Structure formats: structure tokens, C-alpha cells
>>> print(open('protein00.cif').read())   # mmCIF, C-alpha atoms
data_start
loop_
_atom_site.label_atom_id
_atom_site.label_comp_id
_atom_site.auth_asym_id
_atom_site.auth_seq_id
_atom_site.Cartn_x
_atom_site.Cartn_y
_atom_site.Cartn_z
CA MET A 68 140.36 117.43 193.29
CA LEU A 69 141.26 118.15 189.65
CA LEU A 70 144.92 117.52 190.46
CA SER A 71 144.12 114.14 191.96
CA LEU A 72 142.11 113.11 188.88
CA GLY A 73 145.04 114.02 186.66
CA LEU A 74 147.40 111.98 188.80
CA LEU A 75 145.08 108.98 188.54
CA GLY A 76 145.15 109.23 184.71
CA CYS A 77 141.49 110.11 184.23
CA ALA A 78 140.99 111.78 180.81
CA PRO A 79 138.34 114.51 180.35
CA ALA A 80 135.01 113.19 179.07
CA GLU A 81 134.65 113.34 175.23
CA PRO A 82 131.78 115.38 173.78
CA PRO A 83 128.81 113.31 172.59
CA PRO A 84 128.85 112.43 168.86
CA ALA A 85 126.95 114.76 166.52
CA ILE A 86 123.43 113.59 165.81
CA THR A 87 122.56 113.44 162.09
CA PRO A 88 118.95 113.39 160.95
CA ALA A 89 117.58 110.18 159.51
CA SER A 90 115.68 112.16 156.89
CA LEU A 91 115.41 115.63 155.36
CA ARG A 92 112.40 117.54 154.06
CA VAL A 93 113.15 118.84 150.56
CA VAL A 94 111.29 120.39 147.64
CA VAL A 95 110.40 118.02 144.78
CA ALA A 96 108.85 118.81 141.37
CA THR A 97 105.28 117.51 140.99
CA ARG A 98 105.52 117.92 137.22
CA THR A 99 108.24 118.67 134.66
CA LEU A 100 109.71 122.17 135.08
CA TYR A 101 110.76 123.65 131.74
CA LEU A 102 113.67 126.00 131.24
CA GLY A 103 112.56 129.56 130.63
CA LEU A 104 109.20 129.20 132.41
CA PRO A 105 108.87 130.56 135.97
CA ILE A 106 108.13 127.96 138.64
CA GLU A 107 104.67 127.97 140.21
CA GLU A 108 103.65 126.86 143.70
CA SER A 109 101.41 124.13 142.28
CA GLN A 110 104.42 122.50 140.59
CA LEU A 111 106.17 121.78 143.89
CA ARG A 112 105.72 119.70 147.02
CA ILE A 113 107.68 118.86 150.16
CA GLU A 114 108.92 115.28 150.63
CA SER A 115 110.97 113.53 153.30
CA ILE A 116 113.97 111.67 151.88
CA PRO A 117 116.80 109.69 153.51
CA TRP A 118 119.55 112.03 154.63
CA SER A 119 122.16 109.58 153.38
CA SER A 120 120.93 110.00 149.78
CA VAL A 121 121.83 113.71 149.71
CA LYS A 122 124.75 113.76 152.13
CA GLY A 123 127.18 116.49 151.13
CA VAL A 124 124.74 118.48 148.97
CA GLU A 125 122.27 119.56 151.63
CA ASP A 126 123.18 123.23 151.09
CA LYS A 127 121.98 123.00 147.46
CA LEU A 128 118.48 121.82 148.39
CA PHE A 129 115.38 123.74 149.41
CA ALA A 130 113.14 123.12 152.40
CA SER A 131 110.41 125.61 151.43
CA THR A 132 108.44 125.98 148.20
CA HIS A 133 108.03 129.72 148.73
CA GLU A 134 111.66 130.51 147.96
CA LEU A 135 111.35 128.82 144.56
CA VAL A 136 108.16 130.44 143.25
CA GLY A 137 109.08 132.68 140.29
CA ARG A 138 112.56 131.21 139.86
CA THR A 139 113.48 129.94 136.40
CA PRO A 140 115.13 126.57 135.65
CA HIS A 141 118.09 126.66 133.26
CA ASP A 142 117.82 122.88 132.84
CA MET A 143 114.89 120.49 132.54
CA ILE A 144 113.72 119.34 135.98
CA TYR A 145 111.59 116.23 135.58
CA GLN A 146 108.58 115.22 137.65
CA GLY A 147 109.76 113.64 140.91
CA ASP A 148 113.22 115.26 140.78
CA ILE A 149 114.60 117.05 143.81
CA VAL A 150 114.97 120.75 142.97
CA ARG A 151 118.64 121.70 143.38
CA ALA A 152 120.12 125.19 143.32
CA GLU A 153 122.54 124.51 140.45
CA ARG A 154 119.62 123.71 138.11
CA LEU A 155 118.11 127.18 138.53
CA ALA A 156 119.04 130.40 136.79
CA THR A 157 120.68 132.98 139.03
CA PRO A 158 118.10 135.74 139.68
CA GLY A 159 118.86 138.80 137.56
CA LYS A 160 121.79 137.24 135.69
CA GLY A 161 120.09 134.90 133.23
CA PRO A 162 122.85 132.37 132.45
CA GLY A 163 122.62 129.99 129.50
CA ILE A 164 119.56 130.27 127.27
CA ASP A 165 118.04 132.97 129.45
CA ALA A 166 120.80 135.30 128.26
CA LEU A 167 119.45 134.99 124.69
CA LEU A 168 115.98 136.23 125.63
CA TYR A 169 114.74 139.78 125.44
CA PHE A 170 112.19 141.31 127.81
CA GLY A 171 108.79 139.65 127.43
CA GLN A 172 110.16 136.46 125.85
CA ARG A 173 110.39 132.91 127.15
CA ALA A 174 112.25 129.80 126.11
CA VAL A 175 109.78 126.98 125.52
CA PRO A 176 111.09 123.42 125.10
CA LEU A 177 109.19 120.93 122.95
CA GLU A 178 110.01 117.25 122.69
CA MET A 179 110.84 116.44 119.07
CA THR A 180 108.99 113.81 117.08
CA PRO A 181 110.99 111.46 114.77
CA ALA A 182 109.78 113.51 111.79
CA GLU A 183 111.06 116.71 113.39
CA VAL A 184 114.40 115.10 114.23
CA ALA A 185 114.68 114.18 110.54
CA LEU A 186 114.34 117.86 109.60
CA GLY A 187 117.82 118.42 111.03
CA LEU A 188 116.73 121.53 112.92
CA ALA A 189 119.60 123.58 114.35
CA PRO A 190 119.82 126.77 116.44
CA GLY A 191 118.79 129.72 114.29
CA ALA A 192 116.17 127.81 112.28
CA VAL A 193 112.75 129.41 112.00
CA VAL A 194 109.62 127.26 112.19
CA ASP A 195 105.83 127.50 112.10
CA ILE A 196 103.67 125.42 114.41
CA HIS A 197 100.40 123.83 113.32
CA TRP A 198 97.68 122.76 115.76
CA SER A 199 95.78 119.79 114.33
CA ARG A 200 92.62 120.23 116.41
CA ARG A 201 92.35 123.87 115.41
CA GLU A 202 92.77 123.02 111.73
CA ARG A 203 90.07 120.35 111.88
CA ALA A 204 87.63 122.67 113.65
CA CYS A 205 88.31 125.62 111.35
CA GLY A 206 88.61 123.66 108.11
CA ILE A 207 91.93 125.27 107.24
CA VAL A 208 95.56 124.19 107.06
CA THR A 209 97.52 127.23 108.21
CA PRO A 210 100.09 127.71 110.97
CA TRP A 211 98.78 128.51 114.43
CA VAL A 212 102.03 130.03 115.75
CA THR A 213 104.32 131.51 113.12
CA GLY A 214 107.92 132.66 112.82
CA VAL A 215 109.35 130.86 115.85
CA GLU A 216 113.14 130.80 116.24
CA VAL A 217 114.90 127.64 117.44
CA LEU A 218 117.35 128.57 120.21
CA ALA A 219 118.75 125.12 120.98
CA VAL A 220 118.45 121.45 120.13
CA SER A 221 119.51 118.98 122.81
CA GLU A 222 119.31 115.35 123.84
CA GLY A 223 118.22 114.36 127.32
CA ALA A 224 119.63 111.60 129.48
CA ASP A 225 116.79 109.35 128.29
CA ALA A 226 117.81 109.87 124.60
CA ARG A 227 114.73 111.99 123.90
CA ARG A 228 115.50 115.07 121.79
CA TRP A 229 114.22 118.53 122.60
CA MET A 230 114.11 121.85 120.77
CA THR A 231 113.92 125.11 122.67
CA LEU A 232 111.96 127.92 121.01
CA ARG A 233 112.08 131.68 121.54
CA VAL A 234 108.52 133.04 121.86
CA GLN A 235 106.65 135.90 123.45
CA ASP A 236 105.12 135.38 126.90
CA ASP A 237 101.50 134.99 125.74
CA ARG A 238 102.51 132.60 122.94
CA ALA A 239 104.51 130.51 125.40
CA LEU A 240 101.50 130.00 127.64
CA ALA A 241 99.38 129.03 124.63
CA LEU A 242 101.95 126.50 123.43
CA VAL A 243 102.41 124.69 126.72
CA SER A 244 98.64 124.38 127.15
CA VAL A 245 98.24 122.22 124.04
CA PRO A 246 99.04 118.46 124.07
CA ARG A 247 102.30 117.82 122.24
CA ASP A 248 100.79 115.21 119.92
CA GLU A 249 98.44 117.87 118.51
CA LEU A 250 101.33 120.10 117.40
CA ARG A 251 103.29 119.80 114.16
CA VAL A 252 106.45 121.79 113.49
CA VAL A 253 107.29 122.88 109.93
CA GLN A 254 110.59 124.53 109.02
CA ARG A 255 110.41 127.66 106.93
CA ALA A 256 112.20 127.86 103.61
CA ARG A 257 115.37 129.96 103.60
CA TRP A 258 113.77 132.61 101.38
CA ASP A 259 110.87 132.95 103.83
CA ILE A 260 112.77 133.58 107.05
CA VAL A 261 110.82 136.19 108.96
CA VAL A 262 111.31 135.92 112.71
CA GLN A 263 108.13 136.94 114.48
CA HIS A 264 108.84 135.24 117.82
CA GLY A 265 105.59 133.30 117.61
CA SER A 266 102.75 135.40 116.26
CA LEU A 267 99.37 133.80 116.93
CA SER A 268 97.18 133.29 113.89
CA LEU A 269 93.63 134.32 114.76
CA ASP A 270 91.96 133.81 111.36
CA CYS A 271 89.35 131.58 113.02
CA ASP A 272 88.07 130.92 116.51
CA LEU A 273 90.04 128.49 118.63
CA PRO A 274 88.30 125.11 118.77
CA ALA A 275 86.33 124.01 121.78
CA GLU A 276 87.64 121.09 123.81
CA GLU A 277 86.81 117.73 122.23
#
>>> encode(input="protein00.cif", output="C-alpha cells")
Amino acid sequence: MLLSLGLLGCAPAEPPPAITPASLRVVVATRTLYLGLPIEESQLRIESIPWSSVKGVEDKLFASTHELVGRTPHDMIYQGDIVRAERLATPGKGPGIDALLYFGQRAVPLEMTPAEVALGLAPGAVVDIHWSRRERACGIVTPWVTGVEVLAVSEGADARRWMTLRVQDDRALALVSVPRDELRVVQRARWDIVVQHGSLSLDCDLPAEE
């Protein structure tokens, strides 16, 4: 029978074409993920996106939030961005800014105000950070976080400028909990350079929420 089919010129049937999905489920940031700060479950969600929009990079995406919890971005990941593998630090290797941090430290990025851009801050500068609401409540004008080293100054794709600060873990959590417009950065004079990696000033009680 097979011989007769060959004599009649019948070609073997071709395999059916591969079926590609119309969409993929991927992990997306629900808020901005900052370099140096471990990712939390609440900062992520799963979304379905057109497969054609990520064709060729599927292996760099994540389908589960669990595999990202605790990982550290080495680049800013903005709210709504798809989380891609190349924007995360390699576990245990700490490339980029992570390599500059010692145990118990974090890199905290702050968007720079025009006044802070005018200071001409550069890596290696040491700054103090004032918290306006604290100063009003306490009736003092003293730094809230002192002796903070600037690790990097960069410009994002949207032309906003950022400075990345080296601080201790507990200071980092305090900094990111305060609205940016309540913080003022002051550069220390060259003769007063004492790097303290962000010592918290506790000379008065922290103000209650207004």
C-alpha cells in the first residue's frame, strides 16, 4: 500500500503548524521598584499581555510573583512596567551599585529637586536630610538623617534626575516612608565630611501624621 502511494506521487502529510498563545500572563510592578530595596509581594501583580508585544523575550519574563519576592532591582522599575530578568541583580553577586554596599546597607534613590540639581552633587558627596514636618512639630531646624553618602547621580528616560544614597537598613525604611516633597537635602561642607551612613537624629519625638 505504501509503495502504491509513493508511485502515485502522494507526499506524507505535513505536521500541523505550531500554535502560539494570543496572550501571556506576566508579572508587572504595581508601584515603582527602587534599586537596592528588596521586592515585596504587594508590589507585584499578574497581567495578561499580547504575546506579540514580548515575542522573543519570553524567557526573560516571570509568570509568578513568588519567584521575585526578595529579589533586588539594579535599575528603576516603574509602576506598570513588566518585570524583566535583566533589570534584577543576580542573587548573591550584587552587580552595579549593590557591589558598593556593605552588609546591612541599602541603596535608596531619591528624585532630585531643581535646587538639589543646582548643588552639583556627585558620587562621593556627603549630605544631611531635613524633614520639614518634623522640624515644624519639634520647633527645631536640624537634620533628620545625617552623614549620607551619595553613591550615584543619574538621569532617567523622562529627564528626571535621581541620586542614590548609601544608608543603613532602618534608615532606608524611614526615608522611603516620608513624602519626597517633605525632604530637603543639604550638602556638607568639605571640612565637615563625616560619613555616618544615615544616622537618625532623635532629639525630639517624630511628629504625628497631619
>>> resolve_selection(input="protein00.cif", expression="the PyMOL selection byres ((chain A and resi 230) around 10)", output="PyMOL selection string")
chain A and resi 174-179+183-184+188-190+217-222+228-229+231-232
>>> resolve_selection(input="protein00.cif", expression="the PyMOL selection byres ((chain A and resi 172) around 8)", output="list in words")
Leu168, Tyr169, Phe170, Gly171, Arg173, Ala174, Arg233, Val234, Gln235 and Asp236 of chain A
>>> write_last_selection(input="protein00.cif", atoms="C-alpha atoms", output="tab-separated table (two decimals), keeping the file's coordinate frame")
chain	number	residue	atom	x	y	z
A	168	LEU	CA	115.98	136.23	125.63
A	169	TYR	CA	114.74	139.78	125.44
A	170	PHE	CA	112.19	141.31	127.81
A	171	GLY	CA	108.79	139.65	127.43
A	173	ARG	CA	110.39	132.91	127.15
A	174	ALA	CA	112.25	129.80	126.11
A	233	ARG	CA	112.08	131.68	121.54
A	234	VAL	CA	108.52	133.04	121.86
A	235	GLN	CA	106.65	135.90	123.45
A	236	ASP	CA	105.12	135.38	126.90
>>> resolve_selection(input="protein00.cif", expression="the PyMOL selection byres ((chain A and resi 135-150) around 6)", output="list of chain:residue names")
A:Val94, A:Val95, A:Ala96, A:Thr97, A:Arg98, A:Thr99, A:Leu100, A:Tyr101, A:Leu102, A:Gly103, A:Leu104, A:Pro105, A:Ile106, A:Glu107, A:Glu108, A:Thr132, A:His133, A:Glu134, A:Arg151, A:Arg154, A:Leu155, A:Ala156
>>> atom_distance(input="protein00.cif", atom1="atom CA of A:Gln254", atom2="atom CA of A:Leu186")
7.7 Å
>>> atom_distance(input="protein00.cif", atom1="atom CA of A:Ala182", atom2="atom CA of A:Cys205")
24.7 Å
>>> closest_residue(input="protein00.cif", among="A:Ala130, A:Trp198, A:Pro210, A:Val124", to="A:Ser244", atoms="all atoms listed in the file")
A:Trp198
>>> atom_distance(input="protein00.cif", atom1="atom CA of A:Gly123", atom2="atom CA of A:Gln110")
25.8 Å
>>> residues_around(input="protein00.cif", residues="A:Arg251", least_positions_apart="3", cutoff="12 Å", atoms="all atoms listed in the file", output="list of chain:residue names")
A:Leu177, A:Glu178, A:Met179, A:Thr180, A:Pro181, A:Ala182, A:Glu183, A:Val194, A:Asp195, A:Ile196, A:His197, A:Trp198, A:Ser199, A:Arg200, A:Arg201, A:Glu202, A:Val208, A:Thr209, A:Pro210, A:Trp211, A:Val212, A:Thr213, A:Leu242, A:Val245, A:Pro246, A:Arg247, A:Asp248, A:Gln254
>>> axis_aligned_box(input="protein00.cif", around="stretch 182-193 of chain A", padding_each_side="4 Å", output="JSON")
{"center_x": 114.8, "center_y": 121.6, "center_z": 113.0, "size_x": 18.0, "size_y": 24.2, "size_z": 14.8}
>>> closest_residue(input="protein00.cif", among="A:Arg203, A:Val253, A:Arg92, A:Gly187", to="A:Val215", atoms="all atoms listed in the file")
A:Val253
